[in-house]
file entry11.pdb (PDB, C-alpha atoms)
MODEL        1
ATOM      1  CA  MET A   1       0.000   0.000   0.000  1.00  0.00           C
ATOM      2  CA  LYS A   2       2.813   2.402   0.851  1.00  0.00           C
ATOM      3  CA  ASN A   3       4.504   1.657  -2.458  1.00  0.00           C
ATOM      4  CA  LYS A   4       1.316   2.610  -4.279  1.00  0.00           C
ATOM      5  CA  PHE A   5       1.271   5.963  -2.468  1.00  0.00           C
ATOM      6  CA  LEU A   6       4.932   6.518  -3.322  1.00  0.00           C
ATOM      7  CA  ILE A   7       4.397   5.676  -6.997  1.00  0.00           C
ATOM      8  CA  THR A   8       1.243   7.806  -7.153  1.00  0.00           C
ATOM      9  CA  GLY A   9       2.970  10.754  -5.469  1.00  0.00           C
ATOM     10  CA  ILE A  10       5.996  10.575  -7.738  1.00  0.00           C
ATOM     11  CA  GLY A  11       3.790  10.190 -10.813  1.00  0.00           C
ATOM     12  CA  LEU A  12       1.653  13.214  -9.934  1.00  0.00           C
ATOM     13  CA  LEU A  13       4.718  15.270  -9.064  1.00  0.00           C
ATOM     14  CA  VAL A  14       6.467  14.419 -12.340  1.00  0.00           C
ATOM     15  CA  PHE A  15       3.301  15.102 -14.360  1.00  0.00           C
ATOM     16  CA  GLY A  16       2.809  18.472 -12.660  1.00  0.00           C
ATOM     17  CA  LEU A  17       6.459  19.483 -13.025  1.00  0.00           C
ATOM     18  CA  ALA A  18       6.508  18.463 -16.691  1.00  0.00           C
ATOM     19  CA  ASN A  19       3.536  20.718 -17.386  1.00  0.00           C
ATOM     20  CA  LEU A  20       4.962  23.519 -15.264  1.00  0.00           C
ATOM     21  CA  PHE A  21       8.226  23.468 -17.195  1.00  0.00           C
ATOM     22  CA  SER A  22       6.385  23.212 -20.511  1.00  0.00           C
ATOM     23  CA  TYR A  23       4.545  26.456 -19.666  1.00  0.00           C
ATOM     24  CA  LEU A  24       7.702  28.287 -18.529  1.00  0.00           C
ATOM     25  CA  PRO A  25       8.755  29.416 -22.025  1.00  0.00           C
ATOM     26  CA  ILE A  26       5.239  30.773 -22.541  1.00  0.00           C
ATOM     27  CA  SER A  27       5.048  32.495 -19.154  1.00  0.00           C
ATOM     28  CA  LEU A  28       8.544  33.987 -19.449  1.00  0.00           C
ATOM     29  CA  GLY A  29       8.190  34.826 -23.147  1.00  0.00           C
ATOM     30  CA  ILE A  30       7.944  38.187 -24.828  1.00  0.00           C
ATOM     31  CA  ALA A  31       5.519  40.682 -23.346  1.00  0.00           C
ATOM     32  CA  LEU A  32       3.331  40.943 -26.458  1.00  0.00           C
ATOM     33  CA  GLN A  33       2.282  37.298 -26.345  1.00  0.00           C
ATOM     34  CA  ASN A  34      -0.965  36.234 -24.713  1.00  0.00           C
ATOM     35  CA  ARG A  35      -0.387  33.614 -22.063  1.00  0.00           C
ATOM     36  CA  PRO A  36      -2.568  30.747 -20.865  1.00  0.00           C
ATOM     37  CA  PHE A  37      -4.715  31.004 -17.757  1.00  0.00           C
ATOM     38  CA  PRO A  38      -3.800  31.923 -14.965  1.00  0.00           C
ATOM     39  CA  PHE A  39      -0.863  33.850 -16.412  1.00  0.00           C
ATOM     40  CA  GLU A  40      -1.256  37.486 -17.286  1.00  0.00           C
ATOM     41  CA  HIS A  41      -2.448  38.612 -20.682  1.00  0.00           C
ATOM     42  CA  ILE A  42      -2.434  41.865 -22.583  1.00  0.00           C
ATOM     43  CA  GLN A  43      -5.303  44.230 -21.824  1.00  0.00           C
ATOM     44  CA  LYS A  44      -4.225  47.312 -23.764  1.00  0.00           C
ATOM     45  CA  VAL A  45      -1.428  48.483 -26.014  1.00  0.00           C
ATOM     46  CA  ILE A  46      -1.226  52.270 -25.840  1.00  0.00           C
ATOM     47  CA  PRO A  47       0.913  53.978 -28.490  1.00  0.00           C
ATOM     48  CA  SER A  48       2.389  57.343 -27.587  1.00  0.00           C
ATOM     49  CA  GLU A  49       4.303  59.742 -29.788  1.00  0.00           C
ATOM     50  CA  GLY A  50       8.018  59.804 -29.144  1.00  0.00           C
ATOM     51  CA  HIS A  51       7.850  57.408 -26.195  1.00  0.00           C
ATOM     52  CA  GLY A  52       7.104  54.075 -27.892  1.00  0.00           C
ATOM     53  CA  THR A  53       4.222  51.977 -26.665  1.00  0.00           C
ATOM     54  CA  THR A  54       2.906  51.087 -23.233  1.00  0.00           C
ATOM     55  CA  VAL A  55       1.536  47.615 -22.579  1.00  0.00           C
ATOM     56  CA  GLN A  56      -1.034  47.111 -19.834  1.00  0.00           C
ATOM     57  CA  THR A  57      -1.294  43.514 -18.607  1.00  0.00           C
ATOM     58  CA  GLY A  58      -3.757  41.839 -16.281  1.00  0.00           C
ATOM     59  CA  TYR A  59      -4.947  38.421 -15.181  1.00  0.00           C
ATOM     60  CA  LEU A  60      -7.860  36.523 -16.648  1.00  0.00           C
ATOM     61  CA  PRO A  61     -10.945  36.341 -14.423  1.00  0.00           C
ATOM     62  CA  ILE A  62     -11.675  33.028 -12.706  1.00  0.00           C
ATOM     63  CA  GLU A  63     -14.768  32.559 -14.897  1.00  0.00           C
ATOM     64  CA  ASN A  64     -12.454  31.912 -17.871  1.00  0.00           C
ATOM     65  CA  ALA A  65     -11.065  28.818 -16.141  1.00  0.00           C
ATOM     66  CA  VAL A  66     -14.099  26.910 -17.393  1.00  0.00           C
ATOM     67  CA  ASN A  67     -12.898  27.409 -20.972  1.00  0.00           C
ATOM     68  CA  ASP A  68      -9.424  25.939 -20.316  1.00  0.00           C
ATOM     69  CA  PRO A  69      -9.476  23.697 -17.208  1.00  0.00           C
ATOM     70  CA  TYR A  70      -6.286  21.771 -18.075  1.00  0.00           C
ATOM     71  CA  TRP A  71      -4.087  24.209 -16.116  1.00  0.00           C
ATOM     72  CA  LEU A  72      -6.208  23.484 -13.034  1.00  0.00           C
ATOM     73  CA  PHE A  73      -5.800  19.730 -13.489  1.00  0.00           C
ATOM     74  CA  TRP A  74      -2.023  19.742 -13.795  1.00  0.00           C
ATOM     75  CA  SER A  75      -1.510  22.287 -11.014  1.00  0.00           C
ATOM     76  CA  LEU A  76      -3.692  20.246  -8.640  1.00  0.00           C
ATOM     77  CA  ALA A  77      -1.774  17.118  -9.692  1.00  0.00           C
ATOM     78  CA  LEU A  78       1.478  18.890  -8.808  1.00  0.00           C
ATOM     79  CA  TYR A  79       0.187  19.934  -5.390  1.00  0.00           C
ATOM     80  CA  ALA A  80      -1.302  16.492  -4.718  1.00  0.00           C
ATOM     81  CA  GLY A  81       2.029  14.871  -5.564  1.00  0.00           C
ATOM     82  CA  ILE A  82       3.837  17.171  -3.146  1.00  0.00           C
ATOM     83  CA  VAL A  83       1.311  16.488  -0.361  1.00  0.00           C
ATOM     84  CA  ILE A  84       1.362  12.703  -0.888  1.00  0.00           C
ATOM     85  CA  LEU A  85       5.168  12.609  -0.845  1.00  0.00           C
ATOM     86  CA  CYS A  86       5.245  14.768   2.306  1.00  0.00           C
ATOM     87  CA  PHE A  87       2.835  12.428   4.104  1.00  0.00           C
ATOM     88  CA  TYR A  88       4.826   9.435   2.887  1.00  0.00           C
ATOM     89  CA  GLY A  89       8.051  11.000   4.176  1.00  0.00           C
ATOM     90  CA  ILE A  90       6.501  11.853   7.546  1.00  0.00           C
ATOM     91  CA  ASN A  91       5.255   8.288   7.964  1.00  0.00           C
ATOM     92  CA  GLU A  92       8.670   6.882   7.068  1.00  0.00           C
ATOM     93  CA  VAL A  93      10.387   9.135   9.602  1.00  0.00           C
ATOM     94  CA  ARG A  94       7.993   8.026  12.368  1.00  0.00           C
ATOM     95  CA  LYS A  95       9.007   4.382  11.937  1.00  0.00           C
TER      96      LYS A  95
ENDMDL
END

call {"tool": "encode", "arguments": {"input": "entry11.pdb", "output": "structure tokens"}}
result
Amino acid sequence: MKNKFLITGIGLLVFGLANLFSYLPISLGIALQNRPFPFEHIQKVIPSEGHGTTVQTGYLPIENAVNDPYWLFWSLALYAGIVILCFYGINEVRK
């Protein structure tokens, strides 16, 4: 039973980290690129004479999570993997 928890925890952790690192180039990319939820996105691009452009960014509202729930799934998998491995480690230390 404990091996199943260890395998499940490691699997969820690896799945979550793989998705996290796959989104890093998008989340750290150029400022004029729209990013997936919950990362910020462009709200306004304001041109001004002689000073270039100003970009206003913001975060998508939580209602938009319904349209793209995959980020929620992999982030919860990452957190679940961390929690399962912590409980597994605590139980191993108590022995």

call {"tool": "residues_around", "arguments": {"input": "entry11.pdb", "residues": "Ser75 in chain A", "least_positions_apart": "2", "cutoff": "10 Å", "atoms": "only C-alpha atoms", "output": "JSON, numbers by chain"}}
result
{"A": [12, 13, 15, 16, 17, 19, 20, 70, 71, 72, 73, 77, 78, 79, 80, 81]}

call {"tool": "residues_around", "arguments": {"input": "entry11.pdb", "residues": "range 2-11 of chain A", "least_positions_apart": "5", "cutoff": "8 Å", "atoms": "only C-alpha atoms", "output": "list in words"}}
result
Ala80, Gly81, Ile82, Val83, Ile84, Leu85 and Tyr88 of chain A

call {"tool": "atom_distance", "arguments": {"input": "entry11.pdb", "atom1": "CA of Gly89 in chain A", "atom2": "CA of Tyr23 in chain A"}}
result
28.6 Å

call {"tool": "atom_distance", "arguments": {"input": "entry11.pdb", "atom1": "CA of Val93 in chain A", "atom2": "CA of Val14 in chain A"}}
result
22.9 Å

call {"tool": "atom_distance", "arguments": {"input": "entry11.pdb", "atom1": "CA of Pro69 in chain A", "atom2": "CA of Ser22 in chain A"}}
result
16.2 Å

call {"tool": "resolve_selection", "arguments": {"input": "entry11.pdb", "expression": "the PyMOL selection byres ((chain A and resi 54) around 12)", "output": "PyMOL selection string"}}
result
chain A and resi 31-32+42-53+55-57
